[in-house]
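*Asks:* File protein_2.tsv below, TSV, C-alpha atoms and all ligand atoms:
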```tsv
chain	number	residue	atom	x	y	z
A	866	MET	CA	-7.88	50.97	-48.65
A	867	VAL	CA	-8.52	51.02	-44.90
A	868	LYS	CA	-12.06	51.95	-43.96
A	869	VAL	CA	-13.64	52.15	-40.50
A	870	SER	CA	-17.30	52.90	-39.78
A	871	ILE	CA	-18.83	54.40	-36.67
A	872	LEU	CA	-22.53	53.91	-35.90
A	873	GLY	CA	-23.94	56.52	-33.52
A	874	ALA	CA	-21.45	59.06	-34.86
A	875	SER	CA	-23.15	62.14	-33.42
A	876	GLY	CA	-22.62	60.92	-29.84
A	877	THR	CA	-19.82	61.79	-27.43
A	878	ILE	CA	-17.95	58.54	-28.03
A	879	GLY	CA	-18.64	58.41	-31.78
A	880	THR	CA	-17.32	61.91	-32.42
A	881	ASN	CA	-14.27	61.55	-30.19
A	882	VAL	CA	-13.29	58.17	-31.63
A	883	ALA	CA	-13.55	59.57	-35.16
A	884	PHE	CA	-11.17	62.38	-34.32
A	885	SER	CA	-8.65	60.32	-32.35
A	886	LEU	CA	-8.56	57.71	-35.14
A	887	ALA	CA	-8.31	60.29	-37.92
A	888	LYS	CA	-5.30	61.92	-36.23
A	889	GLU	CA	-3.37	58.64	-36.48
A	890	ASP	CA	-3.24	59.09	-40.28
A	891	ILE	CA	-3.45	55.34	-41.00
A	892	ILE	CA	-7.08	55.18	-42.18
A	893	ASP	CA	-8.26	56.18	-45.65
A	894	GLU	CA	-11.94	56.68	-44.84
A	895	ILE	CA	-14.06	56.94	-41.69
A	896	VAL	CA	-17.80	56.58	-42.30
A	897	MET	CA	-19.72	58.48	-39.62
A	898	TYR	CA	-23.22	57.01	-39.70
A	899	SER	CA	-26.03	58.66	-37.72
A	900	ARG	CA	-29.80	58.65	-37.68
A	901	PRO	CA	-31.22	61.31	-40.05
A	902	SER	CA	-32.11	63.53	-37.06
A	903	SER	CA	-28.39	63.84	-36.20
A	904	HIS	CA	-27.03	64.08	-39.76
A	905	GLU	CA	-26.54	67.84	-39.75
A	906	LYS	CA	-24.60	67.70	-36.47
A	907	VAL	CA	-22.29	65.02	-37.90
A	908	GLN	CA	-21.75	67.14	-41.04
A	909	GLY	CA	-20.67	69.98	-38.74
A	910	GLU	CA	-18.32	67.67	-36.82
A	911	VAL	CA	-16.71	66.57	-40.10
A	912	LEU	CA	-16.08	70.14	-41.26
A	913	ASP	CA	-14.58	71.04	-37.89
A	914	MET	CA	-12.33	67.94	-37.90
A	915	TYR	CA	-11.05	68.65	-41.42
A	916	ASP	CA	-9.88	72.09	-40.21
A	917	ALA	CA	-7.95	70.52	-37.34
A	918	LEU	CA	-6.52	67.66	-39.43
A	919	SER	CA	-5.10	70.02	-42.04
A	920	ALA	CA	-2.74	71.33	-39.35
A	921	ASP	CA	-1.05	67.91	-39.48
A	922	ASP	CA	-1.61	67.39	-43.23
A	923	VAL	CA	-3.72	64.30	-42.57
A	924	ASP	CA	-5.18	62.97	-45.81
A	925	ILE	CA	-8.45	61.23	-44.94
A	926	THR	CA	-12.06	61.10	-46.12
A	927	LEU	CA	-14.66	61.63	-43.40
A	928	THR	CA	-18.10	60.64	-44.68
A	929	ALA	CA	-21.15	61.89	-42.78
A	930	THR	CA	-24.09	59.73	-43.78
A	931	SER	CA	-27.49	58.40	-42.77
A	932	ASP	CA	-27.31	55.65	-45.38
A	933	ILE	CA	-26.10	52.54	-43.61
A	934	SER	CA	-25.11	50.81	-46.85
A	935	GLU	CA	-22.10	53.18	-46.92
A	936	ILE	CA	-20.38	50.99	-44.32
A	937	ALA	CA	-19.62	48.44	-47.08
A	938	PHE	CA	-15.98	47.21	-47.18
A	939	SER	CA	-15.19	48.47	-43.66
A	940	SER	CA	-12.46	46.59	-41.79
A	941	VAL	CA	-14.02	47.52	-38.45
A	942	VAL	CA	-17.55	48.71	-37.60
A	943	LEU	CA	-17.92	50.38	-34.22
A	944	ILE	CA	-21.38	50.26	-32.62
A	945	THR	CA	-21.69	53.04	-30.09
A	946	SER	CA	-25.41	53.80	-30.51
A	947	GLY	CA	-27.58	53.67	-27.46
A	948	ILE	CA	-28.88	55.42	-24.46
A	949	PRO	CA	-25.97	56.38	-22.20
A	950	ARG	CA	-25.88	56.02	-18.42
A	951	LYS	CA	-27.22	58.98	-16.48
A	952	LYS	CA	-26.18	59.88	-12.95
A	953	GLY	CA	-27.32	57.09	-10.56
A	954	MET	CA	-28.05	54.56	-13.34
A	955	SER	CA	-26.35	51.18	-13.54
A	956	ARG	CA	-25.05	49.98	-16.91
A	957	LEU	CA	-27.50	47.07	-16.63
A	958	ASP	CA	-30.52	49.46	-16.52
A	959	LEU	CA	-29.81	50.11	-20.19
A	960	ALA	CA	-29.90	46.49	-21.31
A	961	ILE	CA	-33.31	46.04	-22.91
A	962	PRO	CA	-33.65	49.38	-24.77
A	963	ASN	CA	-30.06	49.22	-26.01
A	964	ALA	CA	-30.33	45.57	-27.08
A	965	LYS	CA	-33.00	46.47	-29.64
A	966	ILE	CA	-30.73	49.12	-31.16
A	967	VAL	CA	-27.64	46.88	-31.17
A	968	LYS	CA	-29.56	43.96	-32.69
A	969	GLU	CA	-30.86	46.10	-35.56
A	970	TYR	CA	-27.41	47.55	-36.29
A	971	ALA	CA	-25.61	44.20	-36.03
A	972	GLU	CA	-28.03	42.78	-38.61
A	973	ALA	CA	-27.24	45.72	-40.89
A	974	VAL	CA	-23.49	45.17	-40.45
A	975	ALA	CA	-23.92	41.51	-41.41
A	976	LYS	CA	-25.75	42.63	-44.56
A	977	TYR	CA	-23.50	45.49	-45.71
A	978	ALA	CA	-20.06	44.74	-44.21
A	979	PRO	CA	-20.02	40.95	-43.84
A	980	ASP	CA	-16.22	40.73	-43.61
A	981	SER	CA	-15.76	43.35	-40.90
A	982	VAL	CA	-14.87	43.05	-37.23
A	983	ILE	CA	-17.69	44.42	-35.04
A	984	LEU	CA	-16.58	46.38	-32.00
A	985	ILE	CA	-19.34	47.03	-29.45
A	986	VAL	CA	-19.23	49.93	-27.05
A	987	THR	CA	-22.91	50.31	-26.16
A	988	ASN	CA	-23.59	49.38	-22.53
A	989	PRO	CA	-24.04	46.99	-20.83
A	990	VAL	CA	-21.27	46.02	-23.18
A	991	ASP	CA	-20.81	42.36	-22.22
A	992	VAL	CA	-24.51	41.65	-22.78
A	993	MET	CA	-24.50	43.70	-26.01
A	994	THR	CA	-21.54	41.68	-27.32
A	995	THR	CA	-23.67	38.52	-27.15
A	996	VAL	CA	-26.63	40.37	-28.73
A	997	ALA	CA	-24.43	41.53	-31.64
A	998	LEU	CA	-22.88	38.09	-32.05
A	999	GLU	CA	-26.25	36.39	-32.29
A	1000	ALA	CA	-27.84	39.06	-34.51
A	1001	SER	CA	-24.91	39.21	-36.95
A	1002	GLY	CA	-24.31	35.47	-37.17
A	1003	PHE	CA	-20.56	36.29	-37.36
A	1004	ASP	CA	-17.82	33.98	-36.14
A	1005	LYS	CA	-17.26	34.95	-32.50
A	1006	LYS	CA	-13.67	36.00	-33.27
A	1007	ARG	CA	-15.10	38.96	-35.19
A	1008	VAL	CA	-17.43	40.34	-32.49
A	1009	ILE	CA	-15.72	42.01	-29.55
A	1010	GLY	CA	-16.65	44.54	-26.89
A	1011	LEU	CA	-14.76	47.36	-25.20
A	1012	GLY	CA	-14.96	47.39	-21.45
A	1013	ASN	CA	-12.18	45.88	-19.40
A	1014	HIS	CA	-9.46	47.39	-21.62
A	1015	LEU	CA	-10.68	50.77	-20.39
A	1016	ASP	CA	-10.88	49.46	-16.80
A	1017	SER	CA	-7.32	48.12	-17.15
A	1018	LEU	CA	-6.09	51.56	-18.30
A	1019	ARG	CA	-7.86	53.10	-15.32
A	1020	LEU	CA	-6.21	50.66	-12.89
A	1021	LYS	CA	-2.83	51.40	-14.46
A	1022	THR	CA	-3.39	55.11	-13.92
A	1023	ILE	CA	-4.44	54.69	-10.29
A	1024	LEU	CA	-1.33	52.60	-9.52
A	1025	ALA	CA	1.01	54.90	-11.45
A	1026	ARG	CA	-0.29	57.94	-9.60
A	1027	HIS	CA	-0.16	56.21	-6.21
A	1028	PHE	CA	3.45	55.04	-6.60
A	1029	HIS	CA	4.59	58.09	-8.65
A	1030	ILE	CA	5.85	55.75	-11.38
A	1031	ASN	CA	5.57	56.05	-15.15
A	1032	SER	CA	2.47	54.07	-16.17
A	1033	GLY	CA	4.56	52.18	-18.75
A	1034	GLU	CA	6.18	50.29	-15.83
A	1035	ILE	CA	2.83	48.83	-14.75
A	1036	HIS	CA	1.42	45.64	-16.22
A	1037	THR	CA	-2.06	44.97	-14.97
A	1038	ARG	CA	-5.38	43.68	-16.21
A	1039	VAL	CA	-9.04	43.84	-15.30
A	1040	ILE	CA	-11.31	41.02	-16.51
A	1041	GLY	CA	-14.91	39.87	-16.04
A	1042	GLU	CA	-17.81	42.30	-16.33
A	1043	HIS	CA	-17.40	45.92	-17.41
A	1044	GLY	CA	-19.39	46.96	-14.35
A	1045	ASP	CA	-19.69	46.20	-10.65
A	1046	HIS	CA	-18.45	42.65	-11.17
A	1047	MET	CA	-15.15	43.54	-12.80
A	1048	VAL	CA	-12.17	41.52	-11.51
A	1049	PRO	CA	-8.85	43.37	-11.13
A	1050	LEU	CA	-6.11	40.76	-11.41
A	1051	LEU	CA	-3.97	42.17	-8.61
A	1052	SER	CA	-2.30	38.80	-7.92
A	1053	SER	CA	-0.49	38.98	-11.28
A	1054	THR	CA	-0.01	42.77	-11.49
A	1055	THR	CA	3.62	43.79	-11.81
A	1056	ILE	CA	5.51	47.04	-11.46
A	1057	GLY	CA	8.84	47.08	-13.25
A	1058	GLY	CA	8.60	43.29	-13.50
A	1059	LEU	CA	8.07	42.77	-9.74
A	1060	LEU	CA	4.80	41.58	-8.24
A	1061	LEU	CA	2.55	44.32	-6.83
A	1062	LYS	CA	2.46	42.55	-3.45
A	1063	TYR	CA	6.10	43.54	-2.76
A	1064	PHE	CA	5.20	47.20	-3.28
A	1065	VAL	CA	2.04	46.92	-1.17
A	1066	GLU	CA	4.00	45.50	1.80
A	1067	SER	CA	6.07	48.67	2.06
A	1068	SER	CA	3.38	51.22	1.18
A	1069	ASP	CA	0.13	52.66	2.49
A	1070	LEU	CA	-1.86	51.39	-0.52
A	1071	ASP	CA	-5.35	50.42	0.65
A	1072	ILE	CA	-6.51	47.67	-1.73
A	1073	SER	CA	-10.23	47.91	-0.98
A	1074	ASN	CA	-10.08	51.66	-1.52
A	1075	LEU	CA	-8.25	51.08	-4.82
A	1076	VAL	CA	-10.88	48.59	-6.00
A	1077	ASN	CA	-13.70	51.01	-5.08
A	1078	GLN	CA	-12.00	53.83	-6.92
A	1079	LEU	CA	-11.60	51.60	-9.96
A	1080	LYS	CA	-15.18	50.35	-9.97
A	1081	ASN	CA	-16.52	53.89	-9.57
A	1082	ALA	CA	-14.14	55.52	-12.05
A	1083	GLY	CA	-16.75	55.86	-14.82
A	1084	ALA	CA	-19.53	56.95	-12.46
A	1085	THR	CA	-17.25	59.57	-10.87
A	1086	ILE	CA	-16.57	61.14	-14.27
A	1087	ILE	CA	-20.26	61.00	-15.27
A	1088	SER	CA	-21.34	62.65	-11.99
A	1089	ARG	CA	-18.93	65.54	-12.63
A	1090	LYS	CA	-18.99	66.15	-16.40
A	1091	GLY	CA	-22.04	64.19	-17.58
A	1092	ALA	CA	-20.26	61.60	-19.73
A	1093	THR	CA	-17.00	59.74	-20.18
A	1094	GLN	CA	-15.16	60.87	-23.27
A	1095	TYR	CA	-11.36	60.78	-23.67
A	1096	GLY	CA	-10.76	57.50	-21.79
A	1097	PRO	CA	-13.17	55.29	-23.76
A	1098	SER	CA	-12.34	57.01	-27.06
A	1099	TYR	CA	-8.61	56.41	-26.71
A	1100	ALA	CA	-9.20	52.84	-25.51
A	1101	ILE	CA	-11.36	52.21	-28.60
A	1102	SER	CA	-8.71	53.75	-30.87
A	1103	ASN	CA	-6.13	51.40	-29.30
A	1104	LEU	CA	-8.25	48.37	-30.18
A	1105	ILE	CA	-9.05	49.54	-33.72
A	1106	ILE	CA	-5.44	50.45	-34.52
A	1107	THR	CA	-4.27	47.07	-33.18
A	1108	ILE	CA	-6.76	45.34	-35.48
A	1109	ILE	CA	-5.93	47.42	-38.55
A	1110	ASN	CA	-2.17	47.06	-38.08
A	1111	ASP	CA	-2.52	43.34	-37.29
A	1112	SER	CA	-0.31	44.07	-34.26
A	1113	ARG	CA	-1.25	40.93	-32.27
A	1114	LYS	CA	-1.09	42.76	-28.93
A	1115	ILE	CA	-2.68	41.12	-25.90
A	1116	LEU	CA	-5.59	43.36	-24.92
A	1117	THR	CA	-8.67	42.69	-22.82
A	1118	VAL	CA	-11.95	42.60	-24.74
A	1119	SER	CA	-15.37	41.18	-24.14
A	1120	THR	CA	-15.84	37.94	-26.06
A	1121	TYR	CA	-18.35	35.10	-26.02
A	1122	LEU	CA	-16.87	32.32	-23.90
A	1123	GLU	CA	-17.22	28.63	-24.57
A	1124	GLY	CA	-15.14	27.26	-21.70
A	1125	GLU	CA	-11.78	28.80	-22.66
A	1126	VAL	CA	-11.32	30.56	-19.30
A	1127	GLU	CA	-12.04	28.57	-16.11
A	1128	GLY	CA	-14.70	26.58	-17.98
A	1129	VAL	CA	-17.07	29.58	-18.15
A	1130	TYR	CA	-19.46	29.30	-21.10
A	1131	ASP	CA	-22.48	30.90	-22.83
A	1132	VAL	CA	-21.69	34.44	-21.71
A	1133	SER	CA	-19.55	37.32	-23.00
A	1134	LEU	CA	-16.98	38.64	-20.54
A	1135	GLY	CA	-13.73	40.57	-20.68
A	1136	VAL	CA	-10.66	38.32	-20.99
A	1137	PRO	CA	-7.21	38.89	-22.49
A	1138	VAL	CA	-6.95	38.02	-26.17
A	1139	ILE	CA	-4.39	38.30	-28.94
A	1140	LEU	CA	-5.93	40.88	-31.26
A	1141	CYS	CA	-5.21	40.69	-34.99
A	1142	LYS	CA	-6.68	41.86	-38.30
A	1143	ASN	CA	-9.38	39.17	-38.14
A	1144	GLY	CA	-10.39	40.10	-34.59
A	1145	ILE	CA	-9.42	37.54	-31.96
A	1146	GLN	CA	-6.48	35.29	-32.82
A	1147	ASP	CA	-6.56	33.46	-29.47
A	1148	ILE	CA	-8.05	33.81	-26.00
A	1149	ILE	CA	-5.43	33.72	-23.23
A	1150	PRO	CA	-6.47	31.34	-20.43
A	1151	VAL	CA	-5.50	33.67	-17.55
A	1152	LYS	CA	-4.37	32.41	-14.16
A	1153	MET	CA	-6.28	33.73	-11.15
A	1154	ASP	CA	-5.99	33.27	-7.41
A	1155	LYS	CA	-8.91	31.74	-5.50
A	1156	THR	CA	-10.69	35.03	-4.72
A	1157	GLU	CA	-10.31	36.32	-8.28
A	1158	ARG	CA	-11.67	33.04	-9.64
A	1159	LEU	CA	-14.77	33.28	-7.42
A	1160	GLU	CA	-15.30	36.90	-8.50
A	1161	PHE	CA	-14.97	35.85	-12.15
A	1162	PHE	CA	-17.64	33.16	-11.64
A	1163	GLU	CA	-19.90	35.76	-10.01
A	1164	ALA	CA	-19.40	38.12	-12.98
A	1165	ALA	CA	-20.42	35.27	-15.28
A	1166	ARG	CA	-23.52	34.56	-13.18
A	1167	GLN	CA	-24.64	38.20	-13.17
A	1168	VAL	CA	-24.05	38.86	-16.87
A	1169	LYS	CA	-25.70	35.54	-17.82
A	1170	LYS	CA	-28.81	36.54	-15.86
A	1171	VAL	CA	-29.16	39.84	-17.74
A	1172	THR	CA	-28.32	38.21	-21.09
A	1173	LYS	CA	-31.10	35.68	-20.52
A	1174	GLY	CA	-33.63	38.48	-19.82
A	1175	VAL	CA	-32.50	40.38	-22.91
A	1176	ARG	CA	-32.71	37.31	-25.15
A	1177	GLN	CA	-36.26	36.71	-23.92
A	1178	SER	CA	-37.28	40.32	-24.48
A	1179	LEU	CA	-35.83	40.35	-28.04
A	1180	LYS	CA	-37.72	37.12	-28.78
A	1181	ASN	CA	-41.02	38.63	-27.59
A	1182	ASN	CA	-40.66	41.73	-29.77
A	1201	LIG	P1	-24.39	59.69	-26.52
A	1201	LIG	O1	-23.52	60.88	-26.61
A	1201	LIG	O2	-25.77	59.86	-25.99
A	1201	LIG	O3	-24.48	59.04	-27.98
A	1201	LIG	C1	-25.22	57.90	-28.22
A	1201	LIG	C2	-25.66	57.91	-29.67
A	1201	LIG	O4	-26.51	56.78	-29.84
A	1201	LIG	C3	-26.50	59.10	-30.07
A	1201	LIG	O5	-25.72	60.20	-30.43
A	1201	LIG	C4	-27.28	58.54	-31.24
A	1201	LIG	O6	-26.46	58.58	-32.40
A	1201	LIG	C5	-27.44	57.06	-30.87
A	1201	LIG	N1	-28.80	56.81	-30.35
A	1201	LIG	C6	-29.41	57.31	-29.26
A	1201	LIG	N2	-30.66	56.82	-29.13
A	1201	LIG	C7	-30.83	55.99	-30.19
A	1201	LIG	C8	-31.91	55.19	-30.65
A	1201	LIG	N3	-33.08	55.14	-29.97
A	1201	LIG	N4	-31.76	54.48	-31.79
A	1201	LIG	C9	-30.58	54.51	-32.48
A	1201	LIG	N5	-29.51	55.26	-32.09
A	1201	LIG	C10	-29.65	55.97	-30.96
A	1201	LIG	O7	-23.69	58.53	-25.68
A	1201	LIG	P2	-22.14	58.22	-25.54
A	1201	LIG	O8	-21.62	58.88	-24.33
A	1201	LIG	O9	-21.48	58.43	-26.85
A	1201	LIG	O10	-22.20	56.65	-25.19
A	1201	LIG	C11	-22.64	55.73	-26.17
A	1201	LIG	C12	-22.78	54.33	-25.56
A	1201	LIG	O11	-21.51	53.86	-25.18
A	1201	LIG	C13	-23.64	54.28	-24.31
A	1201	LIG	O12	-24.38	53.07	-24.25
A	1201	LIG	C14	-22.61	54.30	-23.19
A	1201	LIG	O13	-23.11	53.76	-21.97
A	1201	LIG	C15	-21.54	53.44	-23.82
A	1201	LIG	N6	-20.20	53.57	-23.27
A	1201	LIG	C16	-19.50	52.42	-23.15
A	1201	LIG	C17	-18.20	52.44	-22.67
A	1201	LIG	C18	-17.43	51.14	-22.58
A	1201	LIG	O14	-16.33	51.11	-22.03
A	1201	LIG	N7	-17.97	50.06	-23.10
A	1201	LIG	C19	-17.62	53.66	-22.30
A	1201	LIG	C20	-18.36	54.82	-22.46
A	1201	LIG	C21	-19.65	54.76	-22.96
A	1201	LIG	P3	-26.97	59.06	-33.84
A	1201	LIG	O15	-28.10	60.01	-33.62
A	1201	LIG	O16	-25.74	59.69	-34.39
A	1201	LIG	O17	-27.39	57.85	-34.61
```
Would you kindly transcribe this structure into structure tokens?
*Replies:*
Amino acid sequence: MVKVSILGASGTIGTNVAFSLAKEDIIDEIVMYSRPSSHEKVQGEVLDMYDALSADDVDITLTATSDISEIAFSSVVLITSGIPRKKGMSRLDLAIPNAKIVKEYAEAVAKYAPDSVILIVTNPVDVMTTVALEASGFDKKRVIGLGNHLDSLRLKTILARHFHINSGEIHTRVIGEHGDHMVPLLSSTTIGGLLLKYFVESSDLDISNLVNQLKNAGATIISRKGATQYGPSYAISNLIITIINDSRKILTVSTYLEGEVEGVYDVSLGVPVILCKNGIQDIIPVKMDKTERLEFFEAARQVKKVTKGVRQSLKNN
């Protein structure tokens, strides 16, 4: 029996992930946990989803609940609860209030679903990955965060649209912080197996413009429609399906580093990993050029600083 639980199920991401996962027809039960104040809304979402899913004859149980013990025996628990970014806010502005929520839920996951993989979405996601790791006491292979996988999909889209090429031809990756200090690995990006630099030489692609567009992709959507929705939800579904199917794809997730990439340690950052049913099978020690390496170190410095403040604040409360 394959069971996935979503905490913060009444939210934009929670609801959309539930539906995109349910449509795949590979999960037996999705537990949609919410605070009691949102329970009725989640019940409504479930009824609406059942109507849609019957069009494809999907056989699934969607459980709306405010009883967290119902997450027991989940393969994956998604933590998406928290205060989202509003127009003009940085992801780091959310760190202290969201850390309290993530800590409480990670402790509950350790109690009720001790064999699960925890997937963190709550921002600032790299900091929250460390918070969840420390609060759950899980092996670090079983606590991952979504961030740079979404950024990598965004970079792929920007390049595909610029060059009018099917996005399947583009292999690219963004690592580091899911935020201003993300590091697009342009030096190793390929299009149809050829390095991006060959395409740049004969095109009008402005790299600094591309990087700005990438870094502001989330904020641009939030300023226009109030929240990001389809992009993160599909990126999360990708990660969960890879875990459930034990597909061992190389995807970029936030993970607590202990020197595996460029010697960076005691901070969670996005790096490529082989993802399997137990979470992370291996971290891939990526190769970077000199500028990318310096940017990666700066991402580590910035995220470490916020993580330190959050750890202190959780200790004082
Ligand atoms: P949202 O629609 O506001 O939903 C957030 C949910 O969090 C709420 O529906 C609520 O769920 C729960 N919540 C809110 N305040 C809470 C509190 N004080 N205590 C416990 N639970 C609380 O936000 P969203 O757009 O889904 O985004 C959710 C999070 O994901 C945000 O932190 C956002 O910044 C982040 N995000 C991350 C990425 C990424 O790539 N990592 C992408 C997009 C969004 P219930 O009432 O159902 O419990």
*Asks:* CA of Ser1098 in chain A and CA of Gly1041 in chain A are how many Å apart?
*Replies:*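 Straight-line distance from CA of Ser1098 in chain A to CA of Gly1041 in chain A works out to 20.5 Å.
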*Asks:* Return as an mmCIF file with C-alpha atoms, in the frame of the given file the residues of protein, DNA or RNA that approach ligand LIG 1201 (chain A) to within 8 Å, with only C-alpha atoms and all ligand atoms taken into account.
*Replies:*
```cif
data_model
loop_
_atom_site.group_PDB
_atom_site.id
_atom_site.type_symbol
_atom_site.label_atom_id
_atom_site.label_comp_id
_atom_site.auth_asym_id
_atom_site.auth_seq_id
_atom_site.Cartn_x
_atom_site.Cartn_y
_atom_site.Cartn_z
ATOM 1 C CA LEU A 872 -22.530 53.910 -35.900
ATOM 2 C CA GLY A 873 -23.940 56.520 -33.520
ATOM 3 C CA ALA A 874 -21.450 59.060 -34.860
ATOM 4 C CA SER A 875 -23.150 62.140 -33.420
ATOM 5 C CA GLY A 876 -22.620 60.920 -29.840
ATOM 6 C CA THR A 877 -19.820 61.790 -27.430
ATOM 7 C CA ILE A 878 -17.950 58.540 -28.030
ATOM 8 C CA GLY A 879 -18.640 58.410 -31.780
ATOM 9 C CA THR A 880 -17.320 61.910 -32.420
ATOM 10 C CA TYR A 898 -23.220 57.010 -39.700
ATOM 11 C CA SER A 899 -26.030 58.660 -37.720
ATOM 12 C CA ARG A 900 -29.800 58.650 -37.680
ATOM 13 C CA PRO A 901 -31.220 61.310 -40.050
ATOM 14 C CA SER A 902 -32.110 63.530 -37.060
ATOM 15 C CA SER A 903 -28.390 63.840 -36.200
ATOM 16 C CA HIS A 904 -27.030 64.080 -39.760
ATOM 17 C CA VAL A 907 -22.290 65.020 -37.900
ATOM 18 C CA THR A 945 -21.690 53.040 -30.090
ATOM 19 C CA SER A 946 -25.410 53.800 -30.510
ATOM 20 C CA GLY A 947 -27.580 53.670 -27.460
ATOM 21 C CA ILE A 948 -28.880 55.420 -24.460
ATOM 22 C CA PRO A 949 -25.970 56.380 -22.200
ATOM 23 C CA ARG A 950 -25.880 56.020 -18.420
ATOM 24 C CA ARG A 956 -25.050 49.980 -16.910
ATOM 25 C CA LEU A 959 -29.810 50.110 -20.190
ATOM 26 C CA PRO A 962 -33.650 49.380 -24.770
ATOM 27 C CA ASN A 963 -30.060 49.220 -26.010
ATOM 28 C CA ILE A 966 -30.730 49.120 -31.160
ATOM 29 C CA ILE A 985 -19.340 47.030 -29.450
ATOM 30 C CA VAL A 986 -19.230 49.930 -27.050
ATOM 31 C CA THR A 987 -22.910 50.310 -26.160
ATOM 32 C CA ASN A 988 -23.590 49.380 -22.530
ATOM 33 C CA PRO A 989 -24.040 46.990 -20.830
ATOM 34 C CA VAL A 990 -21.270 46.020 -23.180
ATOM 35 C CA GLY A 1010 -16.650 44.540 -26.890
ATOM 36 C CA LEU A 1011 -14.760 47.360 -25.200
ATOM 37 C CA GLY A 1012 -14.960 47.390 -21.450
ATOM 38 C CA ASN A 1013 -12.180 45.880 -19.400
ATOM 39 C CA HIS A 1014 -9.460 47.390 -21.620
ATOM 40 C CA LEU A 1015 -10.680 50.770 -20.390
ATOM 41 C CA ASP A 1016 -10.880 49.460 -16.800
ATOM 42 C CA HIS A 1043 -17.400 45.920 -17.410
ATOM 43 C CA GLY A 1083 -16.750 55.860 -14.820
ATOM 44 C CA ALA A 1092 -20.260 61.600 -19.730
ATOM 45 C CA THR A 1093 -17.000 59.740 -20.180
ATOM 46 C CA GLN A 1094 -15.160 60.870 -23.270
ATOM 47 C CA GLY A 1096 -10.760 57.500 -21.790
ATOM 48 C CA PRO A 1097 -13.170 55.290 -23.760
ATOM 49 C CA SER A 1098 -12.340 57.010 -27.060
#
```
*Asks:* Do you have the CA of Glu894 in chain A-CA of Glu972 in chain A distance handy?
*Replies:*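 Going from CA of Glu894 in chain A over to CA of Glu972 in chain A covers 22.2 Å.
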*Asks:* Name the residues within 9 Å of (-4.5, 42.7, -36.9), counting only C-alpha atoms in the file's coordinates, and put them as a JSON list (two decimals) with C-alpha atoms, in the frame of the given file.
*Replies:*
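Result file follows (part.json):
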```
[["chain", "number", "residue", "atom", "x", "y", "z"],
["A", 1105, "ILE", "CA", -9.05, 49.54, -33.72],
["A", 1106, "ILE", "CA", -5.44, 50.45, -34.52],
["A", 1107, "THR", "CA", -4.27, 47.07, -33.18],
["A", 1108, "ILE", "CA", -6.76, 45.34, -35.48],
["A", 1109, "ILE", "CA", -5.93, 47.42, -38.55],
["A", 1110, "ASN", "CA", -2.17, 47.06, -38.08],
["A", 1111, "ASP", "CA", -2.52, 43.34, -37.29],
["A", 1112, "SER", "CA", -0.31, 44.07, -34.26],
["A", 1113, "ARG", "CA", -1.25, 40.93, -32.27],
["A", 1114, "LYS", "CA", -1.09, 42.76, -28.93],
["A", 1140, "LEU", "CA", -5.93, 40.88, -31.26],
["A", 1141, "CYS", "CA", -5.21, 40.69, -34.99],
["A", 1142, "LYS", "CA", -6.68, 41.86, -38.30],
["A", 1143, "ASN", "CA", -9.38, 39.17, -38.14],
["A", 1144, "GLY", "CA", -10.39, 40.10, -34.59],
["A", 1145, "ILE", "CA", -9.42, 37.54, -31.96],
["A", 1146, "GLN", "CA", -6.48, 35.29, -32.82]]
```
*Asks:* From the list A:Glu935, A:Asp922, A:Asp1071, A:Asp1131, which residue is nearest Asp991 in chain A when using all atoms listed in the file?
*Replies:*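 Result for the nearest residue to Asp991 in chain A: A:Asp1131.
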*Asks:* Provide the CA of Lys952 in chain A to CA of Lys1169 in chain A distance in Å, to one decimal place.
*Replies:*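 One can read the CA of Lys952 in chain A to CA of Lys1169 in chain A distance as 24.8 Å.
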*Asks:* With a distance cut-off of 10 Å and all atoms listed in the file, select the neighbouring residues of Glu999 in chain A, excluding the residue or stretch itself and same-chain residues fewer than 2 positions from it, and output the selection as a PDB file with C-alpha atoms, keeping the file's coordinate frame.
*Replies:*
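So the final result, stored in part08.pdb, reads:
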```pdb
ATOM      1  CA  LYS A 968     -29.560  43.960 -32.690  1.00  0.00           C
ATOM      2  CA  ALA A 971     -25.610  44.200 -36.030  1.00  0.00           C
ATOM      3  CA  GLU A 972     -28.030  42.780 -38.610  1.00  0.00           C
ATOM      4  CA  MET A 993     -24.500  43.700 -26.010  1.00  0.00           C
ATOM      5  CA  THR A 994     -21.540  41.680 -27.320  1.00  0.00           C
ATOM      6  CA  THR A 995     -23.670  38.520 -27.150  1.00  0.00           C
ATOM      7  CA  VAL A 996     -26.630  40.370 -28.730  1.00  0.00           C
ATOM      8  CA  ALA A 997     -24.430  41.530 -31.640  1.00  0.00           C
ATOM      9  CA  SER A1001     -24.910  39.210 -36.950  1.00  0.00           C
ATOM     10  CA  GLY A1002     -24.310  35.470 -37.170  1.00  0.00           C
ATOM     11  CA  PHE A1003     -20.560  36.290 -37.360  1.00  0.00           C
ATOM     12  CA  ASP A1004     -17.820  33.980 -36.140  1.00  0.00           C
ATOM     13  CA  LYS A1005     -17.260  34.950 -32.500  1.00  0.00           C
ATOM     14  CA  VAL A1008     -17.430  40.340 -32.490  1.00  0.00           C
ATOM     15  CA  ARG A1176     -32.710  37.310 -25.150  1.00  0.00           C
TER      16      ARG A1176
END
```
*Asks:* At a cut-off of 12 Å around the point (1.9, 37.9, -12.4) (file coordinates), what residues fall inside when counting all atoms listed in the file? I'd like the answer as a PyMOL selection string.
*Replies:* chain A and resi 1035-1038+1050-1063+1151-1154
*Asks:* Measuring atom to atom with all atoms listed in the file, identify which of A:Ala1084, A:Asp893, A:Lys906, A:Ile1072 is nearest to Val923 in chain A.
*Replies:*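 The answer is A:Asp893, which sits nearest to Val923 in chain A.
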